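One file, data-v1.cif, is given below (mmCIF, C-alpha atoms (C1' of nucleotides)).
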data_query
loop_
_atom_site.label_atom_id
_atom_site.label_comp_id
_atom_site.auth_asym_id
_atom_site.auth_seq_id
_atom_site.Cartn_x
_atom_site.Cartn_y
_atom_site.Cartn_z
CA MET N 11 174.10 151.31 -78.72
CA ALA N 12 170.38 151.64 -78.20
CA ARG N 13 167.55 151.65 -80.72
CA LEU N 14 165.30 154.67 -80.28
CA ARG N 15 161.93 155.10 -81.93
CA ILE N 16 161.30 158.82 -82.27
CA ALA N 17 157.89 160.15 -83.29
CA THR N 18 156.97 163.74 -84.14
CA TRP N 19 153.39 164.84 -84.55
CA ASN N 20 151.51 168.10 -84.90
CA VAL N 21 148.41 167.03 -82.96
CA ASN N 22 146.37 170.21 -83.53
CA SER N 23 145.34 170.45 -79.85
CA VAL N 24 146.42 167.64 -77.57
CA ARG N 25 143.23 167.80 -75.52
CA SER N 26 140.97 167.50 -78.57
CA HIS N 27 142.90 164.58 -80.05
CA MET N 28 143.94 162.55 -77.01
CA ASP N 29 142.14 159.44 -78.29
CA ALA N 30 144.24 159.55 -81.45
CA VAL N 31 147.41 160.09 -79.43
CA GLU N 32 146.66 157.01 -77.34
CA ARG N 33 145.84 154.92 -80.41
CA PHE N 34 149.08 155.98 -82.09
CA VAL N 35 151.16 155.22 -79.00
CA GLN N 36 149.62 151.75 -78.78
CA ALA N 37 150.25 151.12 -82.47
CA GLU N 38 153.83 152.36 -82.72
CA ALA N 39 155.13 152.43 -79.13
CA PRO N 40 157.57 155.31 -79.64
CA ASP N 41 160.34 155.78 -77.06
CA LEU N 42 160.23 159.54 -77.62
CA LEU N 43 157.03 161.34 -78.55
CA CYS N 44 157.40 164.95 -79.71
CA LEU N 45 154.24 167.01 -80.12
CA GLN N 46 153.51 170.37 -81.67
CA GLU N 47 150.45 172.63 -81.55
CA THR N 48 149.45 171.29 -78.15
CA LYS N 49 147.38 174.49 -77.71
CA VAL N 50 147.32 174.34 -73.93
CA ALA N 51 148.96 176.17 -71.03
CA ASP N 52 151.33 174.00 -68.99
CA GLU N 53 149.03 174.02 -65.91
CA GLN N 54 146.24 172.55 -68.05
CA PHE N 55 148.31 169.93 -69.88
CA PRO N 56 146.77 166.43 -69.53
CA LEU N 57 149.96 164.84 -68.18
CA ALA N 58 148.14 161.97 -66.46
CA ASP N 59 146.93 160.62 -69.81
CA LEU N 60 150.49 160.47 -71.16
CA ARG N 61 151.73 158.88 -67.96
CA LYS N 62 149.13 156.13 -68.36
CA MET N 63 150.45 155.48 -71.85
CA GLY N 64 153.84 154.67 -70.35
CA PHE N 65 155.73 157.93 -70.57
CA ALA N 66 157.52 158.42 -67.27
CA HIS N 67 159.31 161.62 -68.33
CA HIS N 68 158.13 164.83 -69.91
CA ALA N 69 159.07 168.35 -70.91
CA ILE N 70 156.27 170.72 -71.84
CA PHE N 71 156.34 174.26 -73.17
CA GLY N 72 152.86 175.50 -73.88
CA GLN N 73 150.66 178.55 -74.04
CA LYS N 74 146.95 179.14 -74.17
CA SER N 75 145.17 178.49 -77.50
CA TYR N 76 148.13 178.61 -79.83
CA HIS N 77 151.36 176.75 -80.60
CA GLY N 78 152.98 174.73 -77.81
CA VAL N 79 155.53 171.92 -77.97
CA ALA N 80 156.11 168.89 -75.74
CA VAL N 81 158.46 165.91 -75.42
CA PHE N 82 157.62 162.59 -73.74
CA SER N 83 160.06 159.79 -72.97
CA ARG N 84 159.22 156.24 -71.98
CA GLU N 85 162.44 155.27 -70.15
CA ALA N 86 165.24 157.78 -70.62
CA ALA N 87 165.28 160.74 -68.27
CA ILE N 88 164.81 164.19 -69.80
CA GLU N 89 167.40 166.71 -68.65
CA LYS N 90 168.62 170.21 -69.39
CA ILE N 91 165.25 171.44 -70.57
CA GLU N 92 165.45 174.77 -72.43
CA LYS N 93 162.43 176.74 -73.55
CA ARG N 94 163.68 179.00 -76.30
CA ARG N 95 162.00 182.03 -77.74
CA TRP N 96 162.78 183.60 -81.10
CA CYS N 97 162.12 186.92 -82.84
CA GLU N 98 161.49 188.58 -79.45
CA ILE N 99 158.03 187.04 -79.39
CA GLU N 100 156.62 185.42 -76.26
CA ASP N 101 155.39 182.22 -77.87
CA ALA N 102 156.09 178.51 -77.36
CA ARG N 103 157.72 177.10 -80.49
CA HIS N 104 161.00 175.48 -79.47
CA LEU N 105 161.79 173.00 -76.72
CA GLN N 106 165.33 171.70 -76.26
CA CYS N 107 166.46 168.91 -73.95
CA ARG N 108 168.95 166.11 -73.39
CA VAL N 109 167.54 162.59 -73.53
CA ALA N 110 169.00 159.14 -74.26
CA GLY N 111 172.41 160.58 -75.08
CA ILE N 112 171.18 163.07 -77.65
CA GLU N 113 170.32 166.75 -77.68
CA LEU N 114 166.75 166.96 -78.91
CA HIS N 115 165.16 170.03 -80.52
CA ASN N 116 161.41 170.14 -81.03
CA PHE N 117 160.17 173.00 -83.27
CA TYR N 118 156.91 174.50 -84.39
CA VAL N 119 157.87 176.95 -87.14
CA PRO N 120 155.40 179.79 -87.85
CA ALA N 121 152.93 178.88 -90.57
CA GLY N 122 153.46 182.15 -92.43
CA GLY N 123 149.95 183.28 -93.34
CA ASP N 124 148.52 183.36 -96.84
CA VAL N 125 150.53 185.79 -98.94
CA PRO N 126 154.18 184.92 -99.60
CA ASP N 127 155.35 188.53 -99.51
CA VAL N 128 157.21 190.02 -96.53
CA GLU N 129 156.13 193.54 -97.54
CA VAL N 130 152.43 192.91 -97.05
CA ASN N 131 152.38 189.89 -94.72
CA ASP N 132 154.00 190.16 -91.28
CA LYS N 133 153.43 186.46 -90.66
CA PHE N 134 155.50 185.53 -93.68
CA ALA N 135 158.26 187.90 -92.56
CA HIS N 136 158.16 186.29 -89.11
CA LYS N 137 158.47 182.81 -90.63
CA LEU N 138 161.57 183.74 -92.65
CA ARG N 139 163.13 185.61 -89.73
CA PHE N 140 162.48 182.69 -87.43
CA MET N 141 164.36 180.34 -89.75
CA THR N 142 167.19 182.84 -90.14
CA GLU N 143 167.66 183.31 -86.39
CA VAL N 144 167.57 179.57 -85.71
CA THR N 145 170.03 178.95 -88.56
CA ASP N 146 172.52 181.48 -87.18
CA TRP N 147 172.20 179.96 -83.71
CA PHE N 148 172.90 176.42 -84.90
CA ARG N 149 175.77 177.64 -87.07
CA ARG N 150 177.48 179.04 -83.97
CA ARG N 151 177.03 175.73 -82.15
CA LYS N 152 178.38 173.50 -84.91
CA ARG N 153 180.82 170.80 -83.75
CA LYS N 154 181.76 167.57 -85.51
CA THR N 155 180.83 165.48 -82.49
CA ASN N 156 177.41 166.97 -81.82
CA ARG N 157 174.70 164.35 -81.45
CA PHE N 158 171.60 166.44 -82.17
CA VAL N 159 168.15 165.40 -83.35
CA LEU N 160 165.79 168.07 -84.66
CA VAL N 161 162.11 167.31 -85.15
CA GLY N 162 158.93 169.19 -85.68
CA ASP N 163 156.39 170.88 -87.85
CA LEU N 164 158.78 173.02 -89.86
CA ASN N 165 155.94 174.20 -92.12
CA VAL N 166 158.07 173.94 -95.27
CA ALA N 167 157.87 171.19 -97.89
CA PRO N 168 161.30 171.52 -99.52
CA LEU N 169 161.38 168.95 -102.33
CA GLU N 170 159.24 168.68 -105.45
CA SER N 171 158.12 165.27 -104.21
CA ASP N 172 157.14 166.79 -100.86
CA VAL N 173 154.03 168.38 -102.40
CA TRP N 174 151.22 167.01 -104.53
CA ASN N 175 151.94 169.46 -107.34
CA HIS N 176 155.24 171.33 -107.41
CA LYS N 177 154.33 173.85 -110.13
CA GLN N 178 150.99 174.75 -108.64
CA LEU N 179 152.44 175.25 -105.18
CA LEU N 180 155.40 177.44 -106.10
CA LYS N 181 153.45 180.52 -105.01
CA VAL N 182 151.73 178.85 -102.07
CA VAL N 183 153.17 179.43 -98.59
CA SER N 184 155.09 176.31 -97.48
CA HIS N 185 156.65 175.59 -100.88
CA THR N 186 157.83 178.97 -102.22
CA PRO N 187 161.45 179.19 -103.39
CA ILE N 188 162.37 181.71 -100.67
CA GLU N 189 161.10 179.43 -97.92
CA VAL N 190 162.96 176.47 -99.41
CA GLU N 191 166.13 178.61 -99.58
CA HIS N 192 165.74 179.45 -95.89
CA MET N 193 165.21 175.81 -95.04
CA ASP N 194 168.24 174.79 -97.14
CA ARG N 195 170.41 177.29 -95.25
CA TRP N 196 169.05 175.97 -91.95
CA GLN N 197 169.83 172.41 -93.04
CA ALA N 198 173.35 173.47 -94.05
CA SER N 199 173.91 175.13 -90.65
CA HIS N 200 174.91 171.79 -89.18
CA ASP N 201 174.98 169.55 -92.27
CA TRP N 202 171.68 168.20 -90.95
CA VAL N 203 170.65 164.90 -92.54
CA ASP N 204 166.97 164.55 -93.44
CA ALA N 205 166.38 161.16 -91.77
CA VAL N 206 163.15 160.48 -93.63
CA ARG N 207 164.60 161.15 -97.08
CA ALA N 208 167.59 158.99 -96.11
CA ILE N 209 165.12 156.09 -96.15
CA VAL N 210 162.42 157.20 -98.60
CA PRO N 211 164.04 158.25 -101.91
CA ALA N 212 163.44 161.80 -103.07
CA ASP N 213 161.71 160.63 -106.26
CA GLN N 214 158.94 159.10 -104.19
CA PRO N 215 156.09 161.45 -103.15
CA LEU N 216 155.72 161.67 -99.38
CA TYR N 217 153.39 163.88 -97.37
CA SER N 218 152.67 164.37 -93.67
CA TRP N 219 149.83 166.91 -93.88
CA TRP N 220 146.52 166.87 -95.71
CA SER N 221 144.01 169.72 -95.45
CA TYR N 222 140.78 169.17 -93.56
CA ARG N 223 138.97 170.81 -96.44
CA ALA N 224 139.28 168.02 -98.95
CA ARG N 225 136.19 165.83 -98.95
CA ASP N 226 138.28 162.68 -99.29
CA TRP N 227 141.86 163.41 -98.25
CA ARG N 228 143.21 160.03 -99.31
CA ALA N 229 141.55 160.03 -102.73
CA ALA N 230 142.56 163.62 -103.50
CA ASN N 231 145.98 163.11 -101.85
CA ARG N 232 146.81 166.81 -102.09
CA GLY N 233 149.34 166.61 -99.31
CA ARG N 234 152.56 168.28 -98.26
CA ARG N 235 155.54 167.02 -96.22
CA LEU N 236 155.74 169.69 -93.52
CA ASP N 237 156.91 167.54 -90.62
CA HIS N 238 160.55 166.54 -90.41
CA VAL N 239 163.21 164.63 -88.51
CA TRP N 240 166.82 165.72 -88.98
CA VAL N 241 169.98 164.38 -87.36
CA THR N 242 173.53 165.70 -87.23
CA PRO N 243 176.19 163.75 -89.21
CA ALA N 244 177.48 162.02 -86.05
CA LEU N 245 174.12 160.22 -85.80
CA ALA N 246 173.37 159.67 -89.49
CA ASP N 247 174.81 156.13 -89.64
CA GLY N 248 172.24 155.12 -87.04
CA ILE N 249 169.17 155.84 -89.17
CA ARG N 250 167.40 152.47 -89.47
CA ASP N 251 163.90 153.24 -90.69
CA ALA N 252 161.56 156.17 -91.32
CA ARG N 253 157.95 156.55 -92.36
CA VAL N 254 154.86 158.70 -92.20
CA PHE N 255 152.20 156.93 -90.15
CA ASP N 256 149.36 158.07 -92.39
CA ASP N 257 146.85 155.61 -90.89
CA ALA N 258 146.38 158.19 -88.15
CA ARG N 259 145.12 160.78 -90.65
CA GLY N 260 142.23 158.42 -91.46
CA TRP N 261 141.14 157.76 -87.88
CA PRO N 262 138.01 159.38 -86.45
CA LYS N 263 138.52 163.01 -85.41
CA PRO N 264 142.10 163.20 -86.72
CA SER N 265 144.75 165.88 -86.66
CA ASP N 266 145.39 167.27 -90.14
CA HIS N 267 149.02 166.12 -89.71
CA ALA N 268 150.18 162.51 -89.53
CA PRO N 269 152.96 161.35 -87.20
CA VAL N 270 156.44 160.88 -88.63
CA VAL N 271 158.37 157.97 -87.11
CA VAL N 272 162.13 157.35 -87.25
CA ASP N 273 164.05 154.41 -85.81
CA LEU N 274 167.50 155.55 -84.82
CA ASP N 275 170.44 153.72 -83.24
CA VAL N 276 172.14 156.10 -80.83
"C1'" DA B 21 144.29 177.66 -106.18
"C1'" DT B 22 140.32 176.70 -103.81
"C1'" DG B 23 138.16 173.93 -100.78
"C1'" DC B 24 134.74 175.35 -96.71
"C1'" DC B 25 136.94 172.01 -92.39
"C1'" DG B 26 138.62 172.11 -87.67
"C1'" DT B 27 140.94 174.26 -83.64
"C1'" DA B 28 140.48 177.92 -79.96
"C1'" DT B 29 138.00 181.54 -77.12
"C1'" DG B 30 134.99 185.47 -70.67
"C1'" DA B 31 132.76 182.63 -78.15
"C1'" DT B 32 127.28 182.89 -80.26
"C1'" DA B 33 131.65 185.68 -84.54
"C1'" DT B 34 136.37 185.74 -85.38
"C1'" DA B 35 141.37 184.50 -85.76
"C1'" DC B 36 144.20 181.02 -87.27
"C1'" DG B 37 145.77 177.04 -89.78
"C1'" DA B 38 148.92 176.32 -94.75
#
Can you present the structure in this file as structure tokens?
Amino acid sequence: MARLRIATWNVNSVRSHMDAVERFVQAEAPDLLCLQETKVADEQFPLADLRKMGFAHHAIFGQKSYHGVAVFSREAAIEKIEKRRWCEIEDARHLQCRVAGIELHNFYVPAGGDVPDVEVNDKFAHKLRFMTEVTDWFRRRKRKTNRFVLVGDLNVAPLESDVWNHKQLLKVVSHTPIEVEHMDRWQASHDWVDAVRAIVPADQPLYSWWSYRARDWRAANRGRRLDHVWVTPALADGIRDARVFDDARGWPKPSDHAPVVVDLDV
DNA sequence: ATGCCGTATGATATACGA
């Protein structure tokens, strides 16, 4: 039995926010650091900076300008790296690997654009199709003994307490009923356990993203919980702690997402 | 809901984020 600290963070460009990454790593010392929206091609990834922070192992799957996911491990070797593509689109949104006795999946789900209507908004259609394809894939791989951890910016805030105002956001992409239905089906595909809500009760508001546009993000607190950590039932008894590290949203030159941290016995 | 902010790029405006 080993205690793993797993962090997931949409950094909104790893090169632009490396100071914040370093500060977070010093503060929380995660064993596994999973990043989304790295926004850099693999050849340009600043691996040396992560190595200096103590991460001996890495798996990166990036592209120029957009998207991009990466996994860093302090001690445990990263093996069986898979860079998966969905919806027949050549983008970098899903990195799979084996590390520390688990199968880890790091996702950056499409944001979905502005209008929550598949007829007029191709981005919204892509988002729903992405979740459907991933759901079907996990359903086919379901086994009772699977030790999977799924993290990432899933771009859906499923619960009423995952948004600052449930009623006002029902027609806003990220909290529409059809997106929540797709996420619920995804979660049911492997009886995934929401590790954060296993610790923080669902009646307690919890957000991981706050828009840059608010003058005072903490005072307005118009946030959404878009970033998630799920585990399969075989790992659920090992969930020890979970939190959103919202200090990082208040640092100079922040990402608009805060890291989510889960302590898991594996 | 907007805000009007922040990221990126053969940039000096535009696409994207959600």
Expand the PyMOL selection byres ((chain N and resi 16-31) around 7) into the individual residues it matches in the shown file, reporting them as number ranges by chain.
N: 14-15, 32-35, 40-49, 161-163, 264-265, 267-273; B: 27
Need the shell around Pro126 of chain N: protein/DNA/RNA residues with any atom at most 8 Å away, counting only C-alpha atoms (C1' of nucleotides). Skip same-chain ones fewer than 2 positions apart. Format as a PyMOL selection string?
chain N and resi 122-124+128+131+134+181-183+186
Quick one: which residues from chain B are at most 6 Å off chain N, using all atoms listed in the file, as an MDAnalysis selection string?
chainID B and resid 23 25 28
So the first atom is atom C1' of DA31 of chain B and the second is atom CA of Leu57 of chain N; what is the distance between them in Å, to one decimal place?
26.7 Å
Give me the result of the PyMOL selection byres ((chain N and resi 237-242) around 7) on this file, residue by residue, as a ChimeraX atom specification.
/N:156-165,200-206,218,235-236,243-246,270
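Atom CA of Ser83 of chain N is positioned 5.0 Å from atom CA of His67 of chain N.
Considering the residues N:Ala229, N:Ala86, N:Val190, N:Ala110 and counting all atoms listed in the file, Met11 of chain N has its shortest atom-to-atom contact with N:Ala110.
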Starting from 5 Å padding per side, set up an axis-aligned box that covers all listed atoms of segment 24-37 of chain B and hand over centre and edge lengths in Å, one decimal, as AutoDock Vina command-line options.
--center_x 136.5 --center_y 178.9 --center_z -83.7 --size_x 28.5 --size_y 23.7 --size_z 36.0
What do you get, as a PyMOL selection string, if you spell out every residue that the PyMOL selection byres ((chain N and resi 94) around 9) selects here?
chain N and resi 92-93+95-96+102-106
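Minimum atom-to-atom distance to DC36 of chain B, evaluated using all atoms listed in the file, belongs to N:Lys133 out of N:Arg84, N:Arg250, N:Lys133, N:Lys154.
Computed from the coordinates, the atom CA of Glu98 of chain N to atom CA of Val144 of chain N distance equals 12.5 Å.
With only C-alpha atoms (C1' of nucleotides) as the basis for measurement, N:Gly233 is the residue among N:Phe82, N:His176, N:Lys62, N:Gly233 that approaches DA38 of chain B most closely.
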As a list in words, please: the residues near Glu191 of chain N (cut-off 10 Å, all atoms listed in the file, same-chain neighbours under 6 positions excluded).
Leu138, Pro168 and Gln197 of chain N
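If all atoms listed in the file are the atoms counted, then among N:Glu189, N:Asp52, N:Asp101, N:Asp213 the closest residue to Asp172 of chain N is N:Asp213.
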